[in-house]
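Shown here: upload.txt, compact mmCIF, C-alpha atoms and all ligand atoms.
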```
# COMPACT_ATOMS: atom_id res chain seq x y z
CA MET W 1 2.39 29.32 14.74
CA ARG W 2 0.85 26.08 13.58
CA ASN W 3 -2.77 26.78 12.88
CA MET W 4 -3.60 28.67 9.73
CA ASP W 5 -7.26 29.03 10.72
CA SER W 6 -6.23 31.23 13.58
CA ASN W 7 -3.51 33.01 11.58
CA LEU W 8 -5.61 34.43 8.81
CA PRO W 9 -8.07 36.41 10.97
CA ARG W 10 -5.08 37.82 12.83
CA PHE W 11 -3.77 39.34 9.60
CA LYS W 12 -7.12 41.10 9.29
CA GLN W 13 -6.93 42.51 12.78
CA GLN W 14 -3.52 43.90 11.93
CA ASP W 15 -5.05 45.53 8.87
CA ARG W 16 -2.93 43.42 6.57
CA ARG W 17 -5.34 41.73 4.27
CA PRO W 18 -4.37 38.14 3.40
CA VAL W 19 -4.16 37.09 -0.24
CA GLY W 20 -3.94 33.34 -0.84
CA CYS W 21 -1.36 32.41 -3.48
CA PHE W 22 -0.47 29.31 -5.41
CA PRO W 23 1.60 27.56 -6.58
CA LEU W 24 4.90 28.13 -4.82
CA TYR W 25 6.66 30.98 -6.60
CA PRO W 26 4.14 33.82 -6.82
CA PRO W 27 5.26 37.49 -6.84
CA LEU W 28 5.21 37.73 -3.04
CA GLU W 29 7.19 40.96 -2.85
CA LEU W 30 4.78 42.78 -5.15
CA ILE W 31 1.70 41.71 -3.19
CA HIS W 32 3.37 42.57 0.09
CA SER W 33 4.37 46.03 -1.17
CA PHE W 34 0.66 46.92 -1.40
CA GLY W 35 0.24 46.39 2.35
CA LEU W 36 -1.25 42.92 1.79
CA THR W 37 0.01 39.64 3.24
CA PRO W 38 0.61 36.89 0.71
CA VAL W 39 -0.22 33.48 2.17
CA VAL W 40 1.22 30.62 0.12
CA LEU W 41 -1.30 27.77 0.08
CA TRP W 42 1.13 24.89 -0.06
CA ASP W 43 1.87 22.02 2.27
CA ILE W 44 -1.38 22.64 4.18
CA LYS W 45 -2.04 19.07 5.23
CA GLU W 46 -2.18 20.02 8.90
CA GLN W 47 -4.92 22.54 8.25
CA VAL W 48 -6.95 20.63 5.68
CA ARG W 49 -7.87 17.18 6.90
CA LYS W 50 -11.21 16.64 5.13
CA LEU W 51 -11.68 16.98 1.39
CA LYS W 52 -15.46 17.32 1.16
CA GLU W 53 -15.62 20.40 -1.08
CA SER W 54 -12.69 19.44 -3.22
CA ASP W 55 -14.15 15.97 -3.86
CA ARG W 56 -17.15 17.66 -5.45
CA HIS W 57 -14.94 19.45 -7.98
CA LEU W 58 -11.81 17.34 -8.53
CA GLN W 59 -11.27 13.72 -9.48
CA SER W 60 -9.83 11.46 -6.81
CA PHE W 61 -6.68 10.98 -8.92
CA THR W 62 -5.68 14.62 -8.50
CA CYS W 63 -2.62 15.24 -6.34
CA SER W 64 -3.08 16.12 -2.68
CA VAL W 65 -1.64 19.62 -3.21
CA ALA W 66 -4.43 20.61 -5.61
CA ARG W 67 -7.13 18.85 -3.60
CA ARG W 68 -6.16 20.53 -0.35
CA LEU W 69 -5.87 24.01 -1.72
CA THR W 70 -9.26 23.66 -3.47
CA GLU W 71 -10.79 22.49 -0.22
CA PHE W 72 -9.25 25.37 1.69
CA VAL W 73 -10.44 28.05 -0.72
CA LEU W 74 -13.95 26.70 -1.23
CA SER W 75 -14.69 25.74 2.37
CA ASP W 76 -15.18 28.14 5.26
CA GLN W 77 -11.48 27.85 6.08
CA GLY W 78 -10.72 30.19 3.20
CA SER W 79 -13.22 32.86 4.22
CA PRO W 80 -10.61 35.17 5.85
CA LEU W 81 -8.89 35.54 2.45
CA ASP W 82 -9.33 38.88 0.70
CA GLY W 83 -8.06 37.68 -2.65
CA LEU W 84 -6.52 34.79 -4.48
CA LEU W 85 -3.55 34.91 -6.85
CA MET W 86 -2.79 31.99 -9.13
CA TYR W 87 -0.18 31.49 -11.78
CA ASN W 88 0.28 28.67 -14.27
CA ALA W 89 2.50 25.69 -13.47
CA CYS W 90 1.62 22.05 -14.07
CA ASP W 91 -1.41 20.83 -16.06
CA THR W 92 -3.36 20.25 -12.85
CA LEU W 93 -2.89 23.81 -11.64
CA ARG W 94 -3.57 25.30 -15.07
CA ASN W 95 -7.21 24.29 -14.74
CA MET W 96 -7.61 25.37 -11.15
CA PRO W 97 -8.64 29.03 -11.69
CA GLU W 98 -11.77 28.00 -13.62
CA ILE W 99 -12.63 25.22 -11.17
CA ILE W 100 -12.22 27.52 -8.19
CA GLU W 101 -14.11 30.36 -9.87
CA ARG W 102 -17.04 28.03 -10.57
CA GLY W 103 -16.95 26.61 -7.05
CA LEU W 104 -16.97 30.09 -5.51
CA GLU W 105 -19.86 31.12 -7.75
CA GLU W 106 -21.84 28.04 -6.72
CA SER W 107 -21.42 28.79 -3.05
CA GLY W 108 -22.20 32.49 -3.54
CA LYS W 109 -18.75 33.63 -2.38
CA ALA W 110 -17.07 36.65 -3.92
CA LEU W 111 -13.29 36.66 -3.89
CA PRO W 112 -11.12 38.81 -6.17
CA LEU W 113 -9.06 36.49 -8.34
CA PHE W 114 -5.72 37.54 -9.80
CA LYS W 115 -4.56 35.33 -12.64
CA PHE W 116 -0.95 35.78 -13.50
CA HIS W 117 0.80 34.13 -16.41
CA VAL W 118 4.46 33.20 -16.14
CA PRO W 119 6.04 32.45 -19.56
CA MET W 120 7.30 28.86 -19.54
CA THR W 121 9.43 29.10 -22.68
CA SER W 122 13.14 28.54 -22.35
CA PRO W 123 15.12 31.84 -22.31
CA THR W 124 17.59 30.18 -24.69
CA GLN W 125 14.83 29.85 -27.30
CA ILE W 126 12.82 33.01 -26.89
CA ASP W 127 13.19 36.20 -24.86
CA SER W 128 9.93 36.64 -22.96
CA THR W 129 11.12 39.54 -20.77
CA GLU W 130 8.70 42.02 -22.34
CA TYR W 131 5.81 39.60 -22.14
CA LEU W 132 6.44 39.07 -18.42
CA ALA W 133 6.83 42.83 -17.88
CA ASP W 134 3.36 43.34 -19.42
CA ARG W 135 1.85 40.69 -17.14
CA ILE W 136 3.44 42.40 -14.11
CA ARG W 137 2.03 45.79 -15.20
CA GLU W 138 -1.44 44.25 -15.63
CA LEU W 139 -1.19 42.71 -12.17
CA VAL W 140 -0.16 46.03 -10.62
CA ILE W 141 -3.15 47.77 -12.21
CA LYS W 142 -5.55 45.07 -11.04
CA ILE W 143 -4.26 45.10 -7.46
CA GLU W 144 -4.40 48.92 -7.39
CA SER W 145 -8.01 48.98 -8.56
CA THR W 146 -9.14 46.10 -6.34
CA PHE W 147 -7.60 47.34 -3.10
CA GLY W 148 -7.50 51.09 -3.79
CA VAL W 149 -3.76 51.34 -3.05
CA LYS W 150 -1.20 52.91 -5.38
CA PHE W 151 1.99 51.06 -6.28
CA SER W 152 5.10 52.50 -4.63
CA SER W 153 8.61 51.66 -5.84
CA GLU W 154 10.04 52.45 -2.37
CA ARG W 155 7.67 50.01 -0.71
CA PHE W 156 8.42 47.43 -3.40
CA LEU W 157 12.16 47.69 -2.78
CA ALA W 158 11.58 47.32 0.97
CA SER W 159 9.53 44.15 0.35
CA VAL W 160 12.24 42.81 -1.96
CA ARG W 161 14.82 43.30 0.78
CA LEU W 162 12.56 41.68 3.36
CA TYR W 163 12.03 38.52 1.29
CA ASN W 164 15.70 38.30 0.35
CA SER W 165 16.59 38.46 4.04
CA ILE W 166 14.22 35.55 4.65
CA ARG W 167 15.93 33.60 1.86
CA LYS W 168 19.37 34.29 3.35
CA PHE W 169 18.28 33.08 6.78
CA SER W 170 16.68 29.99 5.25
CA LEU W 171 20.00 29.15 3.58
CA LYS W 172 21.80 29.54 6.89
CA MET W 173 19.32 27.22 8.58
CA GLU W 174 19.81 24.66 5.81
CA THR W 175 23.55 24.78 6.46
CA GLY W 176 22.79 24.23 10.14
CA VAL W 177 20.89 21.03 9.25
CA ALA W 178 23.74 19.85 6.99
CA GLU W 179 26.20 20.36 9.84
CA GLY W 180 24.02 18.52 12.35
CA ARG W 181 23.29 21.65 14.40
CA MET W 182 19.54 21.31 13.81
CA SER W 183 17.26 18.42 12.96
CA TYR W 184 15.65 18.30 9.54
CA VAL W 185 12.21 17.84 11.08
CA ASP W 186 12.54 21.12 13.03
CA PHE W 187 13.84 22.88 9.94
CA SER W 188 10.94 21.56 7.87
CA ARG W 189 8.39 22.78 10.40
CA LEU W 190 9.99 26.20 10.60
CA ILE W 191 10.00 26.68 6.84
CA ARG W 192 6.41 25.48 6.53
CA ASP W 193 5.17 27.79 9.29
CA GLY W 194 6.79 30.71 7.50
CA TYR W 195 4.41 30.35 4.58
CA ARG W 196 1.51 31.33 6.75
CA MET W 197 3.04 34.07 8.82
CA PRO W 198 3.44 37.80 8.17
CA PRO W 199 6.97 37.97 6.68
CA GLU W 200 8.17 40.57 9.21
CA LYS W 201 7.31 38.21 12.04
CA TYR W 202 8.82 35.25 10.22
CA LEU W 203 12.07 37.12 9.67
CA SER W 204 12.38 37.86 13.36
CA ILE W 205 11.69 34.19 14.23
CA LEU W 206 14.31 33.07 11.68
CA ASP W 207 16.81 35.55 13.06
CA ASP W 208 16.40 34.11 16.59
CA ALA W 209 16.40 30.52 15.33
CA THR W 210 19.56 31.06 13.27
CA ARG W 211 21.41 32.45 16.29
CA GLN W 212 20.34 29.42 18.30
CA VAL W 213 21.28 26.95 15.58
CA GLU W 214 24.69 28.51 14.99
CA SER W 215 25.46 28.27 18.68
CA ASN W 216 24.68 24.51 18.68
CA PRO W 217 27.71 22.26 18.19
CA ALA W 218 28.22 20.72 14.75
CA LYS W 219 28.02 16.93 14.62
CA ASN W 220 30.18 14.87 12.32
CA THR W 221 28.82 11.98 10.31
CA SER W 222 31.86 9.78 10.17
CA ASP W 223 30.07 6.95 8.36
CA GLY W 224 29.07 9.14 5.43
CA ARG W 225 25.34 8.68 5.72
CA LYS W 226 24.60 12.02 4.13
CA ILE W 227 21.62 12.24 1.86
CA ILE W 228 19.61 14.70 -0.21
CA VAL W 229 15.83 14.78 0.08
CA SER W 230 13.90 15.68 -3.06
CA GLY W 231 10.23 16.25 -3.82
CA ILE W 232 7.42 18.69 -4.40
CA LEU W 233 6.51 18.52 -0.72
CA PRO W 234 8.90 17.75 2.13
CA PRO W 235 8.49 14.38 3.84
CA PRO W 236 5.71 14.41 6.47
CA ASP W 237 7.19 15.27 9.89
CA ALA W 238 6.90 11.69 11.15
CA LEU W 239 8.83 10.51 8.09
CA CYS W 240 11.55 13.14 8.66
CA SER W 241 11.97 11.69 12.14
CA ILE W 242 12.20 8.14 10.79
CA ILE W 243 14.90 9.27 8.33
CA GLU W 244 16.92 10.86 11.12
CA ASP W 245 16.31 7.99 13.55
CA ALA W 246 17.85 5.71 10.91
CA GLY W 247 21.11 7.64 11.25
CA LEU W 248 20.77 9.58 7.99
CA ARG W 249 21.85 13.22 7.81
CA VAL W 250 19.88 15.46 5.46
CA ALA W 251 22.87 17.28 4.03
CA GLY W 252 20.79 19.15 1.48
CA ASN W 253 17.36 19.29 0.00
CA ASP W 254 15.80 19.69 -3.41
CA VAL W 255 12.29 20.21 -2.08
CA ALA W 256 10.06 22.64 -3.97
CA SER W 257 8.77 24.39 -0.84
CA GLN W 258 12.27 24.51 0.67
CA ALA W 259 15.55 24.90 -1.27
CA ARG W 260 13.92 25.35 -4.66
CA SER W 261 12.04 28.32 -3.17
CA TYR W 262 14.79 30.14 -1.29
CA SER W 263 18.03 29.19 -3.08
CA TYR W 264 18.20 32.01 -5.58
CA LEU W 265 18.47 35.59 -4.33
CA PRO W 266 17.23 37.92 -7.07
CA LYS W 267 18.99 41.24 -7.57
CA GLU W 268 17.44 43.98 -5.47
CA THR W 269 15.73 46.67 -7.54
CA ASP W 270 12.67 48.89 -7.21
CA ASP W 271 11.50 47.91 -10.72
CA PRO W 272 9.11 44.94 -10.52
CA ALA W 273 9.50 44.07 -14.23
CA ALA W 274 13.30 43.80 -13.93
CA TYR W 275 13.04 42.03 -10.58
CA TYR W 276 10.68 39.29 -11.78
CA ALA W 277 12.54 38.82 -15.08
CA ASP W 278 15.57 37.92 -12.98
CA PHE W 279 13.52 36.01 -10.36
CA TYR W 280 11.89 33.64 -12.85
CA ARG W 281 14.75 33.32 -15.33
CA ASN W 282 17.35 32.40 -12.71
CA HIS W 283 15.06 30.56 -10.34
CA CYS W 284 16.32 27.33 -8.84
CA PRO W 285 15.24 24.68 -11.37
CA CYS W 286 11.92 23.05 -10.54
CA THR W 287 9.69 20.58 -12.36
CA THR W 288 6.85 23.13 -12.12
CA LEU W 289 8.90 25.73 -14.03
CA LEU W 290 9.00 23.93 -17.34
CA TYR W 291 11.66 26.11 -18.92
CA SER W 292 14.10 25.22 -16.12
CA SER W 293 13.87 21.44 -16.56
CA ASP W 294 17.12 21.19 -18.58
CA GLU W 295 18.98 22.68 -15.64
CA ARG W 296 17.66 20.19 -13.08
CA LEU W 297 20.34 17.59 -13.66
CA LYS W 298 23.16 20.08 -13.43
CA MET W 299 21.76 21.59 -10.25
CA LEU W 300 21.20 18.22 -8.56
CA ASN W 301 24.67 17.02 -9.53
CA ALA W 302 26.24 20.15 -8.06
CA LEU W 303 24.19 19.81 -4.86
CA ILE W 304 25.17 16.16 -4.36
CA GLU W 305 28.85 16.94 -4.91
CA ASP W 306 28.84 20.06 -2.80
CA ARG W 307 27.23 18.25 0.15
CA ASN W 308 29.19 15.07 -0.34
CA ALA W 309 25.93 13.10 -0.30
CA ARG W 310 25.82 9.32 -0.80
CA GLY W 311 22.12 8.90 -1.37
CA LEU W 312 18.90 10.61 -2.41
CA ILE W 313 15.43 10.00 -1.06
CA PHE W 314 12.74 11.01 -3.49
CA ILE W 315 9.41 11.85 -1.86
CA GLY W 316 6.94 11.28 -4.67
CA GLU W 317 3.63 13.06 -4.52
CA LYS W 318 1.08 10.58 -5.79
CA PHE W 319 -0.39 11.63 -9.17
CA CYS W 320 2.25 14.30 -9.78
CA GLU W 321 3.23 13.46 -13.34
CA TYR W 322 5.84 16.17 -13.51
CA GLU W 323 8.00 14.73 -10.78
CA TYR W 324 7.45 11.12 -11.83
CA LEU W 325 8.36 11.77 -15.46
CA GLU W 326 11.70 13.07 -14.38
CA MET W 327 12.55 10.45 -11.79
CA PRO W 328 13.72 7.52 -14.04
CA PHE W 329 16.09 9.87 -15.81
CA LEU W 330 17.49 11.25 -12.55
CA GLY W 331 17.71 7.73 -11.11
CA LYS W 332 19.86 6.61 -14.05
CA MET W 333 22.17 9.57 -13.72
CA LEU W 334 22.56 8.97 -9.98
CA GLU W 335 23.22 5.27 -10.50
CA GLN W 336 26.13 6.14 -12.80
CA LYS W 337 27.53 8.32 -10.04
CA LYS W 338 27.04 5.50 -7.52
CA ILE W 339 24.50 7.52 -5.57
CA ALA W 340 21.87 5.25 -4.04
CA THR W 341 18.25 6.31 -4.42
CA LEU W 342 15.13 5.45 -2.52
CA GLN W 343 11.75 6.35 -3.95
CA LEU W 344 8.81 6.73 -1.58
CA GLU W 345 5.31 7.67 -2.57
CA ILE W 346 3.01 9.72 -0.36
CA ALA W 347 -0.70 9.85 -1.13
CA THR W 348 -3.35 12.06 0.44
CA ASP W 349 -4.11 9.68 3.28
CA ASP W 350 -0.58 8.41 3.84
CA GLU W 351 0.74 11.20 6.01
CA ASP W 352 -0.39 9.62 9.23
CA ASN W 353 0.74 6.13 8.22
CA VAL W 354 4.41 6.54 7.43
CA GLU W 355 5.54 3.79 9.83
CA ALA W 356 5.26 1.40 6.90
CA PHE W 357 8.32 3.12 5.39
CA ARG W 358 10.55 2.57 8.43
CA THR W 359 12.04 -0.75 7.35
CA ARG W 360 12.85 0.51 3.85
CA ILE W 361 14.53 3.61 5.23
CA GLU W 362 16.56 1.62 7.74
CA ALA W 363 17.70 -0.75 4.97
CA PHE W 364 18.61 2.25 2.80
CA SER W 365 20.64 3.72 5.63
CA GLU W 366 22.58 0.46 5.98
CA LEU W 367 23.10 0.32 2.24
CA ILE W 368 24.81 3.68 1.96
CA ARG W 369 26.84 3.37 5.14
S1 LIG V 401 3.29 20.01 -9.67
FE1 LIG V 401 2.58 18.00 -9.07
S2 LIG V 401 2.14 18.14 -6.88
FE2 LIG V 401 2.25 20.21 -7.70
S3 LIG V 401 0.14 20.71 -8.14
FE3 LIG V 401 1.08 19.94 -10.02
S4 LIG V 401 0.58 17.75 -10.05
FE4 LIG V 401 0.25 18.53 -7.97
```

Could you show the structure in this file as structure tokens?
Amino acid sequence: MRNMDSNLPRFKQQDRRPVGCFPLYPPLELIHSFGLTPVVLWDIKEQVRKLKESDRHLQSFTCSVARRLTEFVLSDQGSPLDGLLMYNACDTLRNMPEIIERGLEESGKALPLFKFHVPMTSPTQIDSTEYLADRIRELVIKIESTFGVKFSSERFLASVRLYNSIRKFSLKMETGVAEGRMSYVDFSRLIRDGYRMPPEKYLSILDDATRQVESNPAKNTSDGRKIIVSGILPPPDALCSIIEDAGLRVAGNDVASQARSYSYLPKETDDPAAYYADFYRNHCPCTTLLYSSDERLKMLNALIEDRNARGLIFIGEKFCEYEYLEMPFLGKMLEQKKIATLQLEIATDDEDNVEAFRTRIEAFSELIR
């Protein structure tokens, strides 16, 4: 399923109303438990090619993630949405609710907006469990009154199990890529498509795909060209192919919409407050979860060692301060460990022009061989 424009109306036909969500770690299980379908508006470059509406509201030096999701919501593409949930992450996204609200008002569109605040304080400094529990309760009340559906702990637990199953399958697929049973470009497409699919359908696709991948023979990389890919967004598909054509094996990833999203399996419970306290506190470290930044180094170190990787390719999202602030520090740490790094920057219009990176990637592959 590649085309989100055709996906969203289909949710409506199935009587599962789509709720757009951003950024990447919204309370999907909770939304789903109300009979709604959360649609994560991330990595939507294939669907959003023009940025006419977003250019009216955002400066050109805003990252492509924010520009594309603004375009999607404010243009006709977003009309099948029945709601929009946003939580706080980076400085860019913090201002988005007001910008989107104003844009919707201007165009005379009415869309219920759910603003959710995730505490970004470090759990070692302050215990924000109660604060988060209050925000979850507020969200439950607002969803109940907007959609006229009562919260059910049984349905919530079922949704929790569904999403954890998806995470488990995603981890298996990642192992398949590391073992050479599946290409990283196919894996990347599969994970991306899942964001815009009803989770029940996605689970069944993942189940089939995992069986197929596990039946494929593993391929050894005798010359040690194993790498980790890191970034807010995965490399564009054409770039994934260039990486693999250069003989590199993606032995692991630290991509926000991939491993950072599915790596941690929260404990299954029918209590949303307890579930999300665990979900956010123990989430895989990400630059967008400010309180987790101290853990990034440790996590990346462990990933590199566990996968026996010799290099890291950082896919920088142009204008994403959060990722760029961290990169020099990570680069230094990796240099000490003799892990080669390659930093590539992708801007809004670069996705179709990645051939320019081929020579650098081939040289990098030779370097780490
Ligand atoms: S974290 Fe970076 S890429 Fe993501 S929305 Fe914020 S600035 Fe953009």

Return as number ranges by chain the residues of protein, DNA or RNA that approach ligand LIG 401 (chain V) to within 7 Å, with all atoms listed in the file taken into account. W: 63-66, 89-93, 232, 287-288, 317, 319-323

May I ask which of the residues W:Glu174, W:Thr37, W:Ala218, W:Leu233 is the closest one to Leu206 (chain W), counting only C-alpha atoms? W:Glu174

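With distances restricted to only C-alpha atoms, W:Lys115 is the closest residue to Ile143 (chain W) from W:Arg211, W:Lys115, W:Arg67, W:Arg310.
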
Considering only C-alpha atoms, state which residue in the set W:Tyr276, W:Phe329, W:Tyr131, W:Tyr87 is at the smallest distance from Leu113 (chain W). W:Tyr87

Expressed in Å, the length from CA of Ser230 (chain W) to CA of Asp193 (chain W) is 19.4 Å

May I have the residues within 10 Å of Val255 (chain W) as an MDAnalysis selection string, using all atoms listed in the file and disregarding those fewer than 2 positions away in the same chain? chainID W and resid 228:235 252:253 257:261 286 314:315

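When CA of Leu190 (chain W) is paired with CA of Trp42 (chain W), their separation reads 13.9 Å.
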
Given only C-alpha atoms as the basis, pick out the residue of W:Ile136, W:Ile141, W:Ile339, W:Ile126 nearest to Glu29 (chain W). W:Ile136

Quick check, in Å to one decimal: how far apart do CA of Gly224 (chain W) and CA of Arg369 (chain W) lie? 6.2 Å

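Checking W:Ala133, W:Leu300, W:Leu367, W:Ile191 one by one against Asp278 (chain W), counting only C-alpha atoms, you find the shortest gap at W:Ala133.
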
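Minimum atom-to-atom distance to Tyr262 (chain W), evaluated using only C-alpha atoms, belongs to W:Tyr195 out of W:Ile44, W:Thr341, W:Tyr195, W:Ser241.
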